[in-house]
Amino acid sequence: MDPQNLIHMANRIAEFFAAGPDPAEAVDAVATHLRKFWEPRMRAELQRLVAQGPAEGLHALVRQALARGS
């Protein structure tokens with residue numbers, strides 16, 4: 001899996017939910033989306049990228065969602 005593509009896809013999800021009025025709901029929505037629609041390998045790879053370093057360019061909502069265990 002291409003790391004930049006994973007980051008791009010995750011960021012698109014975060015940008016969609018960031019438009020809502022409640023930041024906490026946005027984090028929950030990103031986490032739920034990743035859990036429901038991303039296969040485990042994709043989520044694991046994204047988690048690995050974050051654990052290895054800054055995962056440059058990754059949206060803050062995605063980072064928060066991953067920290068919640070999505």
# chains A, B, ... in the order shown; residues from 1 in each chain; ligands from 1
>>> residues_around(residues="Gln52 of chain A", least_positions_apart="6", cutoff="12 Å", atoms="only C-alpha atoms", output="PDB file with C-alpha atoms, in the first residue's frame")
ATOM      1  CA  PRO A   3       1.625   5.460   2.257  1.00  0.00           C
ATOM      2  CA  GLU A  45      -0.682   0.479   7.829  1.00  0.00           C
ATOM      3  CA  LEU A  46      -1.965   3.944   8.731  1.00  0.00           C
TER       4      LEU A  46
END
>>> atom_distance(atom1="atom CA of Ala29 of chain A", atom2="atom CA of Ala14 of chain A")
8.6 Å
>>> atom_distance(atom1="atom CA of Gln64 of chain A", atom2="atom CA of Ala31 of chain A")
8.4 Å
>>> residues_around(residues="Val30 of chain A", least_positions_apart="4", cutoff="10 Å", atoms="only C-alpha atoms", output="ChimeraX atom specification")
/A:10-11,13-18,25-26,34-36,61-66,70
>>> residues_around(residues="Leu6 of chain A", least_positions_apart="3", cutoff="12 Å", atoms="only C-alpha atoms", output="NGL selection string")
:A and (1-3 or 9-13 or 34 or 38-39 or 41-50 or 55-59 or 62)
>>> write_last_selection(atoms="C-alpha atoms", output="PDB file, in the first residue's frame")
ATOM      1  CA  MET A   1       0.000   0.000   0.000  1.00  0.00           C
ATOM      2  CA  ASP A   2       1.266   3.397  -0.939  1.00  0.00           C
ATOM      3  CA  PRO A   3       1.625   5.460   2.257  1.00  0.00           C
ATOM      4  CA  MET A   9      -7.665   8.997   1.400  1.00  0.00           C
ATOM      5  CA  ALA A  10      -7.757   9.469   5.182  1.00  0.00           C
ATOM      6  CA  ASN A  11      -7.416  13.220   4.766  1.00  0.00           C
ATOM      7  CA  ARG A  12     -10.348  13.308   2.321  1.00  0.00           C
ATOM      8  CA  ILE A  13     -12.509  11.585   4.939  1.00  0.00           C
ATOM      9  CA  LEU A  34     -12.200   4.031   9.158  1.00  0.00           C
ATOM     10  CA  TRP A  38     -11.360   0.418   5.664  1.00  0.00           C
ATOM     11  CA  GLU A  39     -10.007  -3.096   5.688  1.00  0.00           C
ATOM     12  CA  ARG A  41      -4.628  -3.951   6.627  1.00  0.00           C
ATOM     13  CA  MET A  42      -5.253  -0.346   5.619  1.00  0.00           C
ATOM     14  CA  ARG A  43      -5.949   0.745   9.194  1.00  0.00           C
ATOM     15  CA  ALA A  44      -2.894  -1.136  10.452  1.00  0.00           C
ATOM     16  CA  GLU A  45      -0.682   0.479   7.829  1.00  0.00           C
ATOM     17  CA  LEU A  46      -1.965   3.944   8.731  1.00  0.00           C
ATOM     18  CA  GLN A  47      -1.354   3.227  12.427  1.00  0.00           C
ATOM     19  CA  ARG A  48       2.167   2.025  11.559  1.00  0.00           C
ATOM     20  CA  LEU A  49       2.887   5.216   9.614  1.00  0.00           C
ATOM     21  CA  VAL A  50       1.837   7.355  12.567  1.00  0.00           C
ATOM     22  CA  ALA A  55       3.185  10.871   8.930  1.00  0.00           C
ATOM     23  CA  GLU A  56       3.650  14.205   7.253  1.00  0.00           C
ATOM     24  CA  GLY A  57       0.509  15.832   5.973  1.00  0.00           C
ATOM     25  CA  LEU A  58      -1.930  13.687   7.952  1.00  0.00           C
ATOM     26  CA  HIS A  59      -5.013  15.642   9.036  1.00  0.00           C
ATOM     27  CA  VAL A  62      -7.311  11.385  11.491  1.00  0.00           C
TER      28      VAL A  62
END
>>> closest_residue(among="A:Pro54, A:Pro40, A:Ile7, A:Val27", to="Ala67 of chain A", atoms="only C-alpha atoms")
A:Val27
>>> select_by_dssp(residues="chain A", states="alpha helix (DSSP H)", output="NGL selection string")
:A and (3-18 or 23-37 or 40-52 or 60-67)
